[in-house]
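Peer 1: Below is the file my_file.txt, which contains compact mmCIF, C-alpha atoms.
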```
# COMPACT_ATOMS: atom_id res chain seq x y z
CA ASP X 193 7.75 11.44 -14.66
CA TYR X 194 4.42 9.70 -15.21
CA LEU X 195 5.71 6.56 -16.92
CA GLU X 196 4.50 3.40 -15.27
CA SER X 197 7.31 1.29 -16.67
CA MET X 198 10.11 1.49 -19.18
CA LEU X 199 11.57 -1.32 -21.25
CA PRO X 200 15.33 -1.78 -20.91
CA TRP X 201 16.03 -1.75 -24.65
CA VAL X 202 17.46 0.75 -27.09
CA TRP X 203 15.44 0.86 -30.33
CA ASP X 204 17.32 -0.24 -33.45
CA ALA X 205 15.18 -0.08 -36.59
CA LYS X 206 17.72 -2.18 -38.52
CA ALA X 207 17.95 -4.96 -35.94
CA PHE X 208 17.48 -8.46 -37.34
CA ASN X 209 17.74 -11.65 -35.29
CA VAL X 210 18.57 -14.65 -37.45
CA LYS X 211 17.67 -17.19 -34.74
CA TRP X 212 14.22 -15.61 -34.24
CA HIS X 213 13.45 -15.79 -37.94
CA GLU X 214 14.73 -19.37 -38.16
CA ALA X 215 12.45 -20.27 -35.25
CA LEU X 216 9.47 -18.66 -37.00
CA ASP X 217 10.27 -20.69 -40.12
CA ASP X 218 10.49 -23.87 -38.01
CA TYR X 219 7.15 -23.24 -36.28
CA PHE X 220 5.08 -21.89 -39.14
CA GLY X 221 6.88 -22.89 -42.31
CA GLU X 222 9.26 -20.75 -44.25
CA ALA X 223 7.89 -17.24 -44.83
CA SER X 224 4.39 -18.31 -43.87
CA GLU X 225 1.93 -16.88 -46.37
CA ASP X 226 -1.04 -17.10 -43.98
CA GLY X 227 0.22 -14.16 -41.95
CA ARG X 228 1.35 -15.99 -38.80
CA HIS X 229 4.93 -14.67 -39.06
CA ALA X 230 3.73 -11.10 -39.39
CA ALA X 231 1.06 -11.45 -36.68
CA LEU X 232 3.54 -12.75 -34.12
CA GLN X 233 6.10 -10.08 -35.06
CA GLU X 234 3.47 -7.35 -34.73
CA PHE X 235 2.28 -8.65 -31.36
CA ALA X 236 5.87 -8.72 -30.09
CA GLY X 237 6.09 -5.04 -31.02
CA TYR X 238 2.64 -4.31 -29.59
CA ILE X 239 3.62 -5.47 -26.09
CA CYS X 240 6.19 -2.67 -26.06
CA LEU X 241 3.52 0.05 -26.45
CA SER X 242 2.22 1.90 -23.40
CA SER X 243 -1.37 1.68 -24.60
CA ASN X 244 -3.88 -0.95 -25.64
CA LYS X 245 -5.12 1.02 -28.63
CA PHE X 246 -5.21 -2.01 -30.93
CA LYS X 247 -7.25 -4.11 -28.47
CA ARG X 248 -5.59 -7.43 -29.26
CA ALA X 249 -4.61 -10.52 -27.29
CA LEU X 250 -2.53 -13.45 -28.51
CA PHE X 251 -3.89 -17.01 -28.29
CA LEU X 252 -1.29 -19.72 -28.84
CA TRP X 253 -3.33 -22.85 -29.37
CA GLY X 254 -2.10 -26.29 -30.35
CA ALA X 255 -0.96 -29.69 -29.25
CA GLY X 256 1.55 -30.07 -26.44
CA ASP X 257 5.26 -29.65 -27.10
CA THR X 258 4.81 -27.33 -30.09
CA ALA X 259 6.89 -24.38 -28.79
CA LYS X 260 4.02 -22.32 -27.36
CA SER X 261 5.95 -21.84 -24.13
CA LEU X 262 9.08 -20.84 -26.04
CA ILE X 263 7.14 -18.02 -27.73
CA VAL X 264 5.83 -16.96 -24.31
CA ASP X 265 9.40 -17.00 -22.95
CA VAL X 266 10.57 -14.72 -25.78
CA LEU X 267 7.72 -12.26 -25.13
CA VAL X 268 8.47 -12.26 -21.39
CA ALA X 269 12.16 -11.61 -22.17
CA ILE X 270 11.18 -8.59 -24.28
CA VAL X 271 9.31 -6.85 -21.45
CA GLY X 272 11.22 -8.38 -18.54
CA PHE X 273 10.03 -10.88 -15.95
CA GLU X 274 9.30 -8.14 -13.40
CA ARG X 275 6.87 -6.51 -15.87
CA THR X 276 4.91 -9.75 -16.37
CA SER X 277 1.89 -11.03 -14.44
CA GLN X 278 -0.17 -14.23 -14.40
CA LEU X 279 -3.82 -13.32 -14.00
CA ALA X 280 -5.91 -16.39 -14.82
CA LEU X 281 -8.64 -16.14 -17.44
CA GLU X 282 -11.39 -16.92 -14.96
CA HIS X 283 -10.32 -14.07 -12.62
CA MET X 284 -10.19 -11.24 -15.13
CA ASP X 285 -13.46 -9.74 -13.90
CA ASP X 286 -12.55 -9.98 -10.20
CA PRO X 287 -11.37 -6.60 -8.78
CA LYS X 288 -9.54 -8.36 -5.94
CA MET X 289 -7.59 -10.63 -8.28
CA ARG X 290 -6.77 -8.26 -11.13
CA GLY X 291 -4.58 -6.02 -8.98
CA VAL X 292 -1.62 -8.14 -10.15
CA ILE X 293 -1.70 -6.45 -13.57
CA LYS X 294 -0.98 -2.98 -12.19
CA GLY X 295 2.24 -1.68 -13.73
CA LYS X 296 2.69 -4.78 -15.91
CA ARG X 297 3.29 -4.88 -19.66
CA LEU X 298 2.34 -8.51 -20.24
CA ASN X 299 -0.12 -10.92 -18.66
CA VAL X 300 0.49 -14.58 -19.40
CA ALA X 301 -1.98 -17.44 -18.95
CA THR X 302 -0.39 -20.83 -19.58
CA GLU X 303 -1.48 -24.39 -18.92
CA VAL X 304 -5.08 -23.37 -19.51
CA SER X 305 -7.51 -26.20 -18.90
CA GLY X 306 -10.00 -27.21 -21.57
CA ARG X 307 -12.63 -26.62 -18.87
CA ALA X 308 -11.41 -23.06 -18.17
CA LEU X 309 -13.92 -20.27 -18.55
CA ILE X 310 -12.83 -16.86 -19.81
CA ALA X 311 -14.54 -14.12 -17.82
CA ASP X 312 -15.83 -12.50 -21.01
CA ALA X 313 -16.60 -8.98 -19.74
CA GLY X 314 -13.38 -8.75 -17.70
CA PHE X 315 -11.30 -10.10 -20.57
CA LYS X 316 -12.70 -7.55 -23.04
CA VAL X 317 -12.20 -4.62 -20.65
CA LEU X 318 -8.59 -5.61 -19.88
CA VAL X 319 -7.68 -6.21 -23.52
CA ALA X 320 -9.19 -2.85 -24.50
CA GLY X 321 -7.33 -1.05 -21.71
CA ASP X 322 -10.54 0.46 -20.33
CA PRO X 323 -10.45 1.69 -16.71
CA VAL X 324 -11.06 -1.10 -14.19
CA LEU X 325 -11.58 -1.22 -10.46
CA ILE X 326 -8.72 -2.72 -8.46
CA ASP X 327 -9.43 -3.71 -4.87
CA ARG X 328 -6.23 -5.12 -3.39
CA LYS X 329 -6.15 -6.44 0.15
CA PHE X 330 -5.28 -3.80 2.76
CA LYS X 331 -5.20 -1.01 0.14
CA HIS X 332 -7.73 1.55 -1.04
CA GLN X 333 -9.82 0.72 -4.06
CA GLU X 334 -8.69 2.50 -7.19
CA MET X 335 -9.58 2.91 -10.83
CA TYR X 336 -6.77 1.86 -13.10
CA ARG X 337 -6.21 1.88 -16.87
CA PRO X 338 -4.24 -1.32 -17.65
CA ILE X 339 -1.53 -1.42 -20.33
CA ALA X 340 -0.75 -5.14 -20.04
CA LYS X 341 -1.16 -7.19 -23.21
CA HIS X 342 -2.48 -10.73 -22.83
CA VAL X 343 -1.00 -14.00 -24.06
CA ILE X 344 -2.88 -17.24 -23.59
CA ALA X 345 -1.11 -20.53 -24.35
CA ALA X 346 -3.38 -23.56 -24.35
CA ASN X 347 -3.64 -27.07 -25.73
CA SER X 348 -7.42 -26.69 -25.99
CA LEU X 349 -9.58 -23.59 -26.34
CA PRO X 350 -11.28 -22.30 -23.18
CA ALA X 351 -14.99 -21.49 -23.10
CA LEU X 352 -16.50 -18.02 -22.67
CA ARG X 353 -18.46 -17.23 -19.51
CA GLY X 354 -20.98 -14.41 -19.66
CA ARG X 355 -21.31 -14.33 -23.44
CA ALA X 356 -24.79 -13.45 -24.62
CA ALA X 357 -26.58 -16.04 -26.74
CA GLU X 358 -26.42 -15.28 -30.44
```
Rewrite the structure from the file as structure tokens, please.

Peer 2:
Amino acid sequence: DYLESMLPWVWDAKAFNVKWHEALDDYFGEASEDGRHAALQEFAGYICLSSNKFKRALFLWGAGDTAKSLIVDVLVAIVGFERTSQLALEHMDDPKMRGVIKGKRLNVATEVSGRALIADAGFKVLVAGDPVLIDRKFKHQEMYRPIAKHVIAANSLPALRGRAAE
């Protein structure tokens, strides 16, 4: 009764998708030994969880036309388009903007500019699934514990805003 969302899939522990594994081999090399296959597989499973207990986000970084958007499309297909949001990196600490993540399983940021600034504090809180204030227009403010996982696809890495000097 208290589920925020359910995924429309029946779990099959023996499921194996040949095309998915062929695509992983194409992108990362056959049975990549650096862990990229396993990391992407694990993140695809992680987006199905109803918690953010592992506190991870996925950055897909590389030159244009290298299948970053195809990976995003697969992840969106897993959770469903209606369970996906697009909260920009620079708005993650804005209570008025982050209302779009309520009830979502996946937040996708694509076409990220090299001049984009990640709102460091907001990004960390959302990735960790800590309670956040949501202040949507014409609605009461509320505290919310997000479950959305975050995928960022970029040709160049964004900068961090609000990061303390080291």

Peer 1: Put a box with edges along x, y and z around all the listed atoms of range 296-315 of chain X, pad it by 6 Å on each side, then give me its centre and sizes in Å, one decimal, as JSON.

Peer 2:
```
{"center_x": -6.7, "center_y": -16.0, "center_z": -18.7, "size_x": 31.9, "size_y": 34.4, "size_z": 17.7}
```

Peer 1: Please measure the separation of CA of Phe235 in chain X and CA of Pro200 in chain X, giving the value in Å to one decimal.

Peer 2: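 Interatomic distance, CA of Phe235 in chain X to CA of Pro200 in chain X: 18.1 Å.
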
Peer 1: Just to confirm, what's the straight-line distance from CA of Ala269 in chain X to CA of Ala308 in chain X in Å (one decimal)?

Peer 2: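 Going from CA of Ala269 in chain X over to CA of Ala308 in chain X covers 26.5 Å.
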
Peer 1: For Glu282 in chain X, which of X:Gly221, X:Pro338, X:Pro350, X:Gly227 is the closest residue, counting only C-alpha atoms?

Peer 2: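 So, comparing all the options, the nearest one is X:Pro350.
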
Peer 1: Which residues, written as a PyMOL selection string, have at least one atom at most 8 Å from Ile339 in chain X, with only C-alpha atoms counted and residues fewer than 3 positions away on the same chain left out?

Peer 2: chain X and resi 242-244+295-297+321

Peer 1: Using Å and a single decimal, report how far CA of Gln278 in chain X sits from CA of Gly237 in chain X.

Peer 2: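 Going from CA of Gly237 in chain X over to CA of Gln278 in chain X, I get 20.0 Å.
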
Peer 1: Missing atoms in range 219-230 of chain X: can you complete it with all heavy atoms, as an mmCIF file, in the coordinates of the input?

Peer 2:
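Printed below is out.cif as written:
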```
data_model
loop_
_atom_site.group_PDB
_atom_site.id
_atom_site.type_symbol
_atom_site.label_atom_id
_atom_site.label_comp_id
_atom_site.auth_asym_id
_atom_site.auth_seq_id
_atom_site.Cartn_x
_atom_site.Cartn_y
_atom_site.Cartn_z
ATOM 1 N N TYR X 219 8.481 -23.104 -36.850
ATOM 2 C CA TYR X 219 7.150 -23.240 -36.280
ATOM 3 C C TYR X 219 6.042 -23.158 -37.314
ATOM 4 O O TYR X 219 5.065 -23.886 -37.253
ATOM 5 C CB TYR X 219 6.878 -22.178 -35.213
ATOM 6 C CG TYR X 219 7.894 -22.148 -34.102
ATOM 7 C CD1 TYR X 219 8.235 -20.970 -33.480
ATOM 8 C CD2 TYR X 219 8.540 -23.305 -33.666
ATOM 9 C CE1 TYR X 219 9.174 -20.934 -32.459
ATOM 10 C CE2 TYR X 219 9.481 -23.278 -32.660
ATOM 11 C CZ TYR X 219 9.789 -22.084 -32.057
ATOM 12 O OH TYR X 219 10.716 -22.043 -31.068
ATOM 13 N N PHE X 220 6.187 -22.208 -38.246
ATOM 14 C CA PHE X 220 5.080 -21.890 -39.140
ATOM 15 C C PHE X 220 5.344 -22.198 -40.598
ATOM 16 O O PHE X 220 4.492 -21.958 -41.439
ATOM 17 C CB PHE X 220 4.725 -20.405 -39.027
ATOM 18 C CG PHE X 220 4.394 -19.956 -37.640
ATOM 19 C CD1 PHE X 220 4.993 -18.837 -37.101
ATOM 20 C CD2 PHE X 220 3.475 -20.640 -36.855
ATOM 21 C CE1 PHE X 220 4.687 -18.402 -35.831
ATOM 22 C CE2 PHE X 220 3.158 -20.212 -35.581
ATOM 23 C CZ PHE X 220 3.771 -19.093 -35.068
ATOM 24 N N GLY X 221 6.518 -22.700 -40.912
ATOM 25 C CA GLY X 221 6.880 -22.890 -42.310
ATOM 26 C C GLY X 221 7.589 -21.658 -42.829
ATOM 27 O O GLY X 221 7.345 -20.545 -42.364
ATOM 28 N N GLU X 222 8.457 -21.862 -43.750
ATOM 29 C CA GLU X 222 9.260 -20.750 -44.250
ATOM 30 C C GLU X 222 8.385 -19.652 -44.841
ATOM 31 O O GLU X 222 7.528 -19.901 -45.679
ATOM 32 C CB GLU X 222 10.254 -21.254 -45.306
ATOM 33 C CG GLU X 222 11.314 -20.238 -45.630
ATOM 34 C CD GLU X 222 12.424 -20.831 -46.476
ATOM 35 O OE1 GLU X 222 12.706 -22.036 -46.327
ATOM 36 O OE2 GLU X 222 12.991 -20.093 -47.276
ATOM 37 N N ALA X 223 8.609 -18.430 -44.358
ATOM 38 C CA ALA X 223 7.890 -17.240 -44.830
ATOM 39 C C ALA X 223 6.400 -17.517 -44.965
ATOM 40 O O ALA X 223 5.823 -17.394 -46.030
ATOM 41 C CB ALA X 223 8.486 -16.754 -46.144
ATOM 42 N N SER X 224 5.804 -17.910 -43.862
ATOM 43 C CA SER X 224 4.390 -18.310 -43.870
ATOM 44 C C SER X 224 3.532 -17.278 -44.588
ATOM 45 O O SER X 224 3.578 -16.102 -44.304
ATOM 46 C CB SER X 224 3.891 -18.553 -42.449
ATOM 47 O OG SER X 224 3.284 -17.439 -41.907
ATOM 48 N N GLU X 225 2.768 -17.767 -45.558
ATOM 49 C CA GLU X 225 1.930 -16.880 -46.370
ATOM 50 C C GLU X 225 0.583 -16.608 -45.721
ATOM 51 O O GLU X 225 -0.168 -15.772 -46.194
ATOM 52 C CB GLU X 225 1.743 -17.492 -47.758
ATOM 53 C CG GLU X 225 3.042 -17.569 -48.529
ATOM 54 C CD GLU X 225 2.873 -18.202 -49.892
ATOM 55 O OE1 GLU X 225 1.727 -18.307 -50.360
ATOM 56 O OE2 GLU X 225 3.899 -18.580 -50.481
ATOM 57 N N ASP X 226 0.255 -17.308 -44.628
ATOM 58 C CA ASP X 226 -1.040 -17.100 -43.980
ATOM 59 C C ASP X 226 -1.004 -15.970 -42.958
ATOM 60 O O ASP X 226 -1.984 -15.710 -42.287
ATOM 61 C CB ASP X 226 -1.543 -18.381 -43.335
ATOM 62 C CG ASP X 226 -0.598 -18.897 -42.262
ATOM 63 O OD1 ASP X 226 0.407 -18.233 -41.953
ATOM 64 O OD2 ASP X 226 -0.871 -19.984 -41.730
ATOM 65 N N GLY X 227 0.125 -15.325 -42.814
ATOM 66 C CA GLY X 227 0.220 -14.160 -41.950
ATOM 67 C C GLY X 227 0.660 -14.438 -40.526
ATOM 68 O O GLY X 227 0.735 -13.517 -39.713
ATOM 69 N N ARG X 228 0.959 -15.690 -40.179
ATOM 70 C CA ARG X 228 1.350 -15.990 -38.800
ATOM 71 C C ARG X 228 2.669 -15.353 -38.410
ATOM 72 O O ARG X 228 2.812 -14.879 -37.286
ATOM 73 C CB ARG X 228 1.372 -17.500 -38.568
ATOM 74 C CG ARG X 228 -0.027 -18.088 -38.577
ATOM 75 C CD ARG X 228 -0.039 -19.550 -38.273
ATOM 76 N NE ARG X 228 0.435 -20.289 -39.436
ATOM 77 C CZ ARG X 228 0.569 -21.605 -39.481
ATOM 78 N NH1 ARG X 228 0.271 -22.326 -38.433
ATOM 79 N NH2 ARG X 228 0.976 -22.191 -40.568
ATOM 80 N N HIS X 229 3.648 -15.345 -39.338
ATOM 81 C CA HIS X 229 4.930 -14.670 -39.060
ATOM 82 C C HIS X 229 4.669 -13.216 -38.692
ATOM 83 O O HIS X 229 5.104 -12.734 -37.650
ATOM 84 C CB HIS X 229 5.826 -14.660 -40.296
ATOM 85 C CG HIS X 229 6.690 -15.857 -40.454
ATOM 86 N ND1 HIS X 229 7.565 -15.969 -41.500
ATOM 87 C CD2 HIS X 229 6.847 -16.988 -39.734
ATOM 88 C CE1 HIS X 229 8.198 -17.106 -41.428
ATOM 89 N NE2 HIS X 229 7.778 -17.741 -40.363
ATOM 90 N N ALA X 230 3.972 -12.534 -39.573
ATOM 91 C CA ALA X 230 3.730 -11.100 -39.390
ATOM 92 C C ALA X 230 2.907 -10.836 -38.131
ATOM 93 O O ALA X 230 3.190 -9.886 -37.394
ATOM 94 C CB ALA X 230 3.016 -10.535 -40.618
#
```
